[in-house]
Amino acid sequence: MAIFFDTSTSSDDTMAAIAQVRSAAGKQCFVSGMSALVTDLKALCEQEEPIYVALAVLLACAVMMVFMDSWIIPFIFLISIGMAILYNLGSNFFLGEISYITKALSAVLQLAVTMDYSIFLWHSYSEQKTRFHGDKERAMAHAVSNTITSVVGSSITTVAGFMALCFMTFTLGRDLGLVMAKGVVFGVIACVTLLPSLILAFDRLIEKTKHRPLLPPLEKATGFVVKRAWIFLIIFAVALLPALYGYRHNQVYYELSEALPQDMENIVATTKLQETFDMASTHMILADAGMPAKDANAMMEEIEALDGVRHAIGFNSLVGPAIPEEILPESLTGLLKSDRYQLLLVSSQYKVASDEVNQQVDDINTILKKYDPDGMLIGEAPCTKDLITVTDRDFKVVNIISIAAIFLIIALVLKSVTLPFILVAVIEFAIFINLGIPFYTGVSLPFIAPICISTIQLGATVDYAILMTTRYKKERSLGREKREAVRTALSSSLPSIAVSALGFFAATFGVGLYSDIDMIGSMCNLMARGALVSMLCVLLILPALFLLFDTIICKTTWGMKPQTENGGIAHE
């Protein structure tokens, strides 16, 4: 039985009608199709969403409690971030509507990408308290002042990364990008207003619950990284081509049903349809209502002769040429014919998004255009075929925009010509590794994952590079020798970067393991791994690049003082 809805595929009315059809039909009837798939996907998202948030909060809190120096400070961070998340989710009301995928992911993503702002502020505050001998108000004022460059620079790049998603033709990207860009802004506002107030209010309790962080002193490790920088330059050079090759050749899939549990109602129905009627997908043709019956029948015969087509059914094939159309009731003709179009249904043996069905769609379009140049082929398979073309374009556009925007922001924040090239190169290398691993492990990704991850990882983890670079630039501007400046920058920023990356990993990794929706699970797993890969690249490769290009950096960065050969400071 074919059901026609008054409203669009994913509208609330259609999904409510799907639920009513299932209720009326009973357990021995099966409902398949795109609307049934969307209904099941939304229900699963809403069911799992509270667990996503709980897992992200629990694991991120555990990481911060272990690797930071107070048992209570993670909870203070979560109050501040939680308020920012509430403001972000509440302000979505003014957008009218958002995707349920965005709704399920936004809280987890906002926690993951804005957590490092709180960590940066806390480490700066701790450092300033020692400097000002416990004068906490003065220490906090200096902490906010010293951290503002890193936090604002980091947040702007993260916002730029998310805003780049808004240039996607596929509207999920625009939806996710807008909500998350807004969330980052709320996160920054909370970090520089609410969080300092909370830390000062609970300062005594924080002091009473202090403990030695699990992260050990890493002076020897930082010394090794600086002293043996050439090792990491060689690793960078050797690993670049394999990482780039894997990044460009990873496999993606476009069939949404592959991202869902196989016991879901729609998946079971689709399997039954294929087993019982040898139908894996259904196409619909909108042809000119005034097309002569002879041409319509000839067109359907040609379509039925194509490989993989089970049958083509239209108004003329049901009624037959012997019955005049004028004597038929409107209740029958209105289903398959209107003043402008007539509807034809084509049943295919080929699965959506397969190479065979894409070729079949091309062949049907060729036949259709021969009889009706203005005719249209619609349905899940033609839509998915268009999606392949659209997302390929989106991937290129979003990458170009995100890289260009973040490059420009880094140049303005750090007042440098060369530093943007170095920082973007390091994070892009981390992205190549992260998205190249699935190619070498034989894992196929949902089509949306590479587009979103390449942009999110660049925008969110370039923060680590900006933090270290800000300190390196400060040390060099004070006249420190390049190795001393790099070692100081690395040792001072390492705790913040490590805790931030591990918190990002924890917030997303648990969701990736738990989720039954592969689209969400894959994106969270990639973000979790991407945070760790970016952390390692920033801590190991960026210092080596600073040492290699130090002279050029000093000459092309405002406020930096290059060393003369005898160790003095060069003055102009």
# chains A, B, ... in the order shown; residues from 1 in each chain; ligands from 1
$ residues_around --residues "range 219-226 of chain A" --least-positions-apart "6" --cutoff "9 Å" --atoms "only C-alpha atoms" --output "ChimeraX atom specification"
/A:232,483-484,486-488,490-491,494,539-541,543-544,547
$ closest_residue --among "A:Gly134, A:Gly510, A:Pro446, A:Gly375" --to "Ala54 in chain A" --atoms "only C-alpha atoms"
A:Gly510
$ closest_residue --among "A:Leu178, A:Leu467, A:Val499, A:Ile313" --to "Asp69 in chain A" --atoms "only C-alpha atoms"
A:Val499
$ closest_atom_pairs --of "range 341-456 of chain A" --to "range 13-34 of chain A" --cutoff "12 Å" --atoms "only C-alpha atoms" --output "tab-separated table"
residue	atom	partner	partner_atom	distance
A:Val352	CA	A:Met34	CA	11.0
A:Gly379	CA	A:Met34	CA	8.8
A:Glu380	CA	A:Met34	CA	6.8
A:Ala381	CA	A:Met34	CA	10.3
A:Cys383	CA	A:Met34	CA	10.8
A:Thr384	CA	A:Met34	CA	11.2
$ write_last_selection --atoms "N, CA and C atoms" --output "compact mmCIF listing (two decimals), in the first residue's frame"
# COMPACT_ATOMS: atom_id res chain seq x y z
N VAL A 352 19.16 2.44 -2.06
CA VAL A 352 19.46 3.87 -2.11
C VAL A 352 20.96 4.09 -1.89
N GLY A 379 12.18 11.37 -5.17
CA GLY A 379 12.23 10.19 -4.31
C GLY A 379 13.54 10.14 -3.55
N GLU A 380 13.68 9.16 -2.68
CA GLU A 380 14.85 9.08 -1.81
C GLU A 380 16.13 8.85 -2.59
N ALA A 381 16.11 7.96 -3.58
CA ALA A 381 17.32 7.66 -4.35
C ALA A 381 17.78 8.86 -5.19
N CYS A 383 17.12 11.98 -4.61
CA CYS A 383 17.53 12.99 -3.63
C CYS A 383 18.93 12.69 -3.09
N THR A 384 19.20 11.43 -2.78
CA THR A 384 20.50 11.04 -2.24
C THR A 384 21.59 11.23 -3.29
$ residues_around --residues "range 429-435 of chain A" --least-positions-apart "2" --cutoff "9 Å" --atoms "only C-alpha atoms" --output "number ranges by chain"
A: 236, 239-240, 242-248, 250, 424-427, 437-439, 450, 453-454, 457-458, 526-527, 529-531, 533-538
$ write_last_selection --atoms "N, CA and C atoms" --output "compact mmCIF listing (two decimals), in the first residue's frame"
# COMPACT_ATOMS: atom_id res chain seq x y z
N PHE A 236 56.93 14.86 11.16
CA PHE A 236 55.98 15.71 10.43
C PHE A 236 56.14 15.51 8.92
N ALA A 239 55.17 11.72 7.83
CA ALA A 239 53.76 11.32 8.00
C ALA A 239 52.80 12.16 7.17
N LEU A 240 53.27 13.29 6.62
CA LEU A 240 52.36 14.22 5.94
C LEU A 240 51.68 13.58 4.73
N PRO A 242 51.25 10.25 3.74
CA PRO A 242 50.27 9.19 4.05
C PRO A 242 49.00 9.73 4.70
N ALA A 243 49.15 10.72 5.58
CA ALA A 243 47.98 11.31 6.24
C ALA A 243 47.09 12.01 5.22
N LEU A 244 47.71 12.76 4.31
CA LEU A 244 46.95 13.47 3.28
C LEU A 244 46.25 12.50 2.34
N TYR A 245 46.93 11.41 1.99
CA TYR A 245 46.32 10.41 1.09
C TYR A 245 45.10 9.77 1.74
N GLY A 246 45.23 9.37 3.01
CA GLY A 246 44.10 8.77 3.72
C GLY A 246 42.95 9.75 3.87
N TYR A 247 43.28 11.02 4.13
CA TYR A 247 42.27 12.07 4.29
C TYR A 247 41.44 12.24 3.01
N ARG A 248 42.10 12.16 1.87
CA ARG A 248 41.42 12.39 0.60
C ARG A 248 40.71 11.15 0.07
N ASN A 250 39.20 8.62 2.20
CA ASN A 250 38.35 7.88 3.13
C ASN A 250 36.96 7.66 2.51
N VAL A 424 47.96 27.08 11.28
CA VAL A 424 46.97 26.37 10.45
C VAL A 424 47.56 25.08 9.90
N ALA A 425 48.85 25.12 9.51
CA ALA A 425 49.49 23.91 8.97
C ALA A 425 49.53 22.79 10.01
N VAL A 426 49.82 23.14 11.26
CA VAL A 426 49.90 22.13 12.32
C VAL A 426 48.53 21.49 12.57
N ILE A 427 47.47 22.31 12.66
CA ILE A 427 46.13 21.77 12.93
C ILE A 427 45.60 21.02 11.71
N ILE A 437 42.82 8.16 9.28
CA ILE A 437 42.82 6.87 9.98
C ILE A 437 41.68 5.95 9.51
N PRO A 438 40.43 6.44 9.32
CA PRO A 438 39.36 5.55 8.85
C PRO A 438 39.68 4.87 7.52
N PHE A 439 40.42 5.56 6.64
CA PHE A 439 40.80 4.93 5.36
C PHE A 439 41.69 3.71 5.60
N PRO A 450 33.01 14.06 7.67
CA PRO A 450 34.24 14.74 7.26
C PRO A 450 34.08 16.24 7.10
N ILE A 453 33.71 17.69 10.81
CA ILE A 453 34.88 17.47 11.67
C ILE A 453 36.06 18.32 11.22
N SER A 454 36.30 18.43 9.92
CA SER A 454 37.44 19.21 9.45
C SER A 454 37.33 20.66 9.91
N GLN A 457 37.24 20.70 14.16
CA GLN A 457 38.56 20.43 14.74
C GLN A 457 39.51 21.61 14.52
N LEU A 458 39.45 22.21 13.34
CA LEU A 458 40.30 23.37 13.08
C LEU A 458 39.93 24.52 14.00
N LEU A 526 35.23 10.96 16.15
CA LEU A 526 36.22 11.73 15.39
C LEU A 526 36.65 12.98 16.16
N MET A 527 35.70 13.63 16.81
CA MET A 527 36.06 14.81 17.62
C MET A 527 36.94 14.43 18.80
N ARG A 529 38.98 11.78 19.07
CA ARG A 529 40.33 11.46 18.58
C ARG A 529 41.03 12.71 18.06
N GLY A 530 40.28 13.59 17.41
CA GLY A 530 40.86 14.81 16.87
C GLY A 530 41.45 15.70 17.95
N ALA A 531 40.80 15.75 19.12
CA ALA A 531 41.32 16.56 20.22
C ALA A 531 42.69 16.05 20.66
N VAL A 533 44.81 14.13 18.87
CA VAL A 533 45.80 14.28 17.79
C VAL A 533 46.26 15.73 17.70
N SER A 534 45.32 16.66 17.79
CA SER A 534 45.69 18.09 17.76
C SER A 534 46.59 18.44 18.94
N MET A 535 46.28 17.91 20.12
CA MET A 535 47.10 18.16 21.30
C MET A 535 48.54 17.71 21.06
N LEU A 536 48.70 16.50 20.55
CA LEU A 536 50.05 15.97 20.32
C LEU A 536 50.79 16.79 19.26
N CYS A 537 50.09 17.19 18.21
CA CYS A 537 50.73 17.98 17.15
C CYS A 537 51.18 19.34 17.68
N VAL A 538 50.33 19.97 18.50
CA VAL A 538 50.68 21.27 19.06
C VAL A 538 51.85 21.15 20.03
$ residues_around --residues "Ile448 in chain A" --least-positions-apart "2" --cutoff "10 Å" --atoms "only C-alpha atoms" --output "JSON, numbers by chain"
{"A": [170, 172, 173, 252, 253, 254, 391, 394, 395, 445, 446, 450, 451, 452, 453, 519, 520, 522, 523]}
$ residues_around --residues "Met163 in chain A" --least-positions-apart "6" --cutoff "8 Å" --atoms "only C-alpha atoms" --output "PyMOL selection string"
chain A and resi 174+177-178+181
$ write_last_selection --atoms "N, CA, C and O atoms" --output "PDB file, in the first residue's frame"
ATOM      1  N   ARG A 174      24.232  24.386   8.183  1.00  0.00           N
ATOM      2  CA  ARG A 174      23.878  25.756   8.550  1.00  0.00           C
ATOM      3  C   ARG A 174      23.230  25.791   9.932  1.00  0.00           C
ATOM      4  O   ARG A 174      23.517  26.668  10.747  1.00  0.00           O
ATOM      5  N   GLY A 177      25.952  24.961  12.560  1.00  0.00           N
ATOM      6  CA  GLY A 177      26.924  26.043  12.620  1.00  0.00           C
ATOM      7  C   GLY A 177      26.396  27.257  13.357  1.00  0.00           C
ATOM      8  O   GLY A 177      27.085  27.837  14.208  1.00  0.00           O
ATOM      9  N   LEU A 178      25.164  27.652  13.071  1.00  0.00           N
ATOM     10  CA  LEU A 178      24.582  28.834  13.703  1.00  0.00           C
ATOM     11  C   LEU A 178      24.369  28.625  15.203  1.00  0.00           C
ATOM     12  O   LEU A 178      24.720  29.480  16.021  1.00  0.00           O
ATOM     13  N   ALA A 181      27.907  28.418  16.932  1.00  0.00           N
ATOM     14  CA  ALA A 181      28.597  29.713  16.965  1.00  0.00           C
ATOM     15  C   ALA A 181      28.010  30.573  18.079  1.00  0.00           C
ATOM     16  O   ALA A 181      28.736  31.225  18.846  1.00  0.00           O
TER      17      ALA A 181
END
$ residues_around --residues "range 288-292 of chain A" --least-positions-apart "2" --cutoff "8 Å" --atoms "only C-alpha atoms" --output "PyMOL selection string"
chain A and resi 286+294-296+337-342+372+374-375
$ residues_around --residues "Asp518 in chain A" --least-positions-apart "2" --cutoff "12 Å" --atoms "only C-alpha atoms" --output "PyMOL selection string"
chain A and resi 41+44-45+101+253-262+443-449+511-516+520-526
$ atom_distance --atom1 "CA of Glu356 in chain A" --atom2 "CA of Val390 in chain A"
19.3 Å
$ select_by_dssp --residues "range 298-524 of chain A" --states "alpha helix (DSSP H)" --output "PyMOL selection string"
chain A and resi 298-304+315-319+330-336+355-371+380-414+419-441+448-477+482-514+518-524
$ atom_distance --atom1 "CA of Ala404 in chain A" --atom2 "CA of Ala465 in chain A"
16.8 Å
$ decode --residues "range 232-348 of chain A" --atoms "C-alpha atoms" --output "compact mmCIF listing (two decimals), in the first residue's frame"
# COMPACT_ATOMS: atom_id res chain seq x y z
CA PHE A 232 59.49 15.80 15.35
CA LEU A 233 60.24 17.72 12.17
CA ILE A 234 61.19 14.41 10.53
CA ILE A 235 57.97 12.78 11.83
CA PHE A 236 55.98 15.71 10.43
CA ALA A 237 57.65 15.42 7.01
CA VAL A 238 57.37 11.61 6.78
CA ALA A 239 53.76 11.32 8.00
CA LEU A 240 52.36 14.22 5.94
CA LEU A 241 51.84 12.40 2.61
CA PRO A 242 50.27 9.19 4.05
CA ALA A 243 47.98 11.31 6.24
CA LEU A 244 46.95 13.47 3.28
CA TYR A 245 46.32 10.41 1.09
CA GLY A 246 44.10 8.77 3.72
CA TYR A 247 42.27 12.07 4.29
CA ARG A 248 41.42 12.39 0.60
CA HIS A 249 40.44 8.76 0.07
CA ASN A 250 38.35 7.88 3.13
CA GLN A 251 35.06 6.16 2.33
CA VAL A 252 31.70 7.77 3.13
CA TYR A 253 28.13 6.53 2.91
CA TYR A 254 24.96 8.50 2.19
CA GLU A 255 22.25 6.00 3.14
CA LEU A 256 20.77 7.18 6.45
CA SER A 257 19.48 3.70 7.31
CA GLU A 258 23.08 2.49 7.60
CA ALA A 259 23.51 4.87 10.54
CA LEU A 260 20.67 3.33 12.55
CA PRO A 261 20.13 0.13 14.57
CA GLN A 262 18.97 -2.72 12.38
CA ASP A 263 16.07 -3.54 14.73
CA MET A 264 14.47 -0.13 14.23
CA GLU A 265 10.92 -0.28 12.86
CA ASN A 266 11.69 1.41 9.55
CA ILE A 267 14.76 -0.75 8.92
CA VAL A 268 12.76 -3.92 9.62
CA ALA A 269 10.03 -2.69 7.25
CA THR A 270 12.52 -1.92 4.47
CA THR A 271 14.09 -5.37 4.87
CA LYS A 272 10.65 -7.01 4.68
CA LEU A 273 9.81 -5.01 1.55
CA GLN A 274 13.02 -6.11 -0.12
CA GLU A 275 12.63 -9.77 0.88
CA THR A 276 8.93 -10.03 -0.01
CA PHE A 277 8.59 -7.82 -3.08
CA ASP A 278 12.22 -7.43 -4.20
CA MET A 279 11.87 -3.66 -3.77
CA ALA A 280 14.74 -1.73 -2.23
CA SER A 281 13.66 1.78 -3.25
CA THR A 282 10.84 3.62 -4.99
CA HIS A 283 11.15 6.52 -7.44
CA MET A 284 8.37 8.94 -8.41
CA ILE A 285 8.00 10.69 -11.75
CA LEU A 286 6.08 13.92 -12.23
CA ALA A 287 5.25 14.12 -15.94
CA ASP A 288 3.06 16.46 -17.97
CA ALA A 289 -0.60 15.69 -17.33
CA GLY A 290 -1.35 16.40 -20.98
CA MET A 291 1.06 13.75 -22.26
CA PRO A 292 -0.78 11.44 -24.70
CA ALA A 293 -1.57 7.99 -23.27
CA LYS A 294 0.46 6.40 -26.07
CA ASP A 295 3.60 8.33 -25.07
CA ALA A 296 3.05 7.69 -21.36
CA ASN A 297 2.77 3.94 -21.96
CA ALA A 298 5.84 3.93 -24.24
CA MET A 299 7.83 5.81 -21.60
CA MET A 300 6.84 3.34 -18.86
CA GLU A 301 7.73 0.38 -21.10
CA GLU A 302 11.22 1.80 -21.68
CA ILE A 303 11.66 2.41 -17.95
CA GLU A 304 10.46 -1.10 -17.09
CA ALA A 305 13.06 -2.51 -19.49
CA LEU A 306 15.92 -0.97 -17.47
CA ASP A 307 18.05 -3.21 -15.27
CA GLY A 308 16.82 -3.33 -11.67
CA VAL A 309 13.35 -1.90 -12.35
CA ARG A 310 10.62 -4.15 -10.98
CA HIS A 311 7.73 -2.25 -12.50
CA ALA A 312 6.49 1.22 -13.43
CA ILE A 313 2.92 2.15 -12.52
CA GLY A 314 1.02 5.23 -13.66
CA PHE A 315 -2.48 6.46 -14.37
CA ASN A 316 -2.66 4.83 -17.79
CA SER A 317 -1.28 1.48 -16.66
CA LEU A 318 -3.91 1.25 -13.89
CA VAL A 319 -6.90 2.43 -15.88
CA GLY A 320 -6.03 1.11 -19.32
CA PRO A 321 -6.70 2.72 -22.73
CA ALA A 322 -10.19 1.24 -23.07
CA ILE A 323 -11.75 3.32 -20.26
CA PRO A 324 -12.37 7.03 -20.98
CA GLU A 325 -10.85 9.27 -18.34
CA GLU A 326 -14.00 11.41 -18.19
CA ILE A 327 -16.12 8.69 -16.58
CA LEU A 328 -13.67 8.00 -13.75
CA PRO A 329 -14.38 9.47 -10.30
CA GLU A 330 -12.24 12.36 -9.01
CA SER A 331 -11.27 10.26 -5.96
CA LEU A 332 -9.31 7.97 -8.33
CA THR A 333 -7.94 10.43 -10.88
CA GLY A 334 -6.96 12.96 -8.20
CA LEU A 335 -4.44 10.52 -6.68
CA LEU A 336 -2.38 10.10 -9.83
CA LYS A 337 -3.24 13.12 -11.95
CA SER A 338 -3.67 16.86 -11.49
CA ASP A 339 -4.19 19.78 -13.85
CA ARG A 340 -0.43 20.03 -14.38
CA TYR A 341 1.22 16.68 -13.55
CA GLN A 342 0.60 12.98 -13.61
CA LEU A 343 2.37 10.72 -11.10
CA LEU A 344 4.21 7.52 -11.98
CA LEU A 345 5.74 5.14 -9.43
CA VAL A 346 8.88 3.16 -10.27
CA SER A 347 9.93 0.25 -8.03
CA SER A 348 13.64 -0.53 -7.97
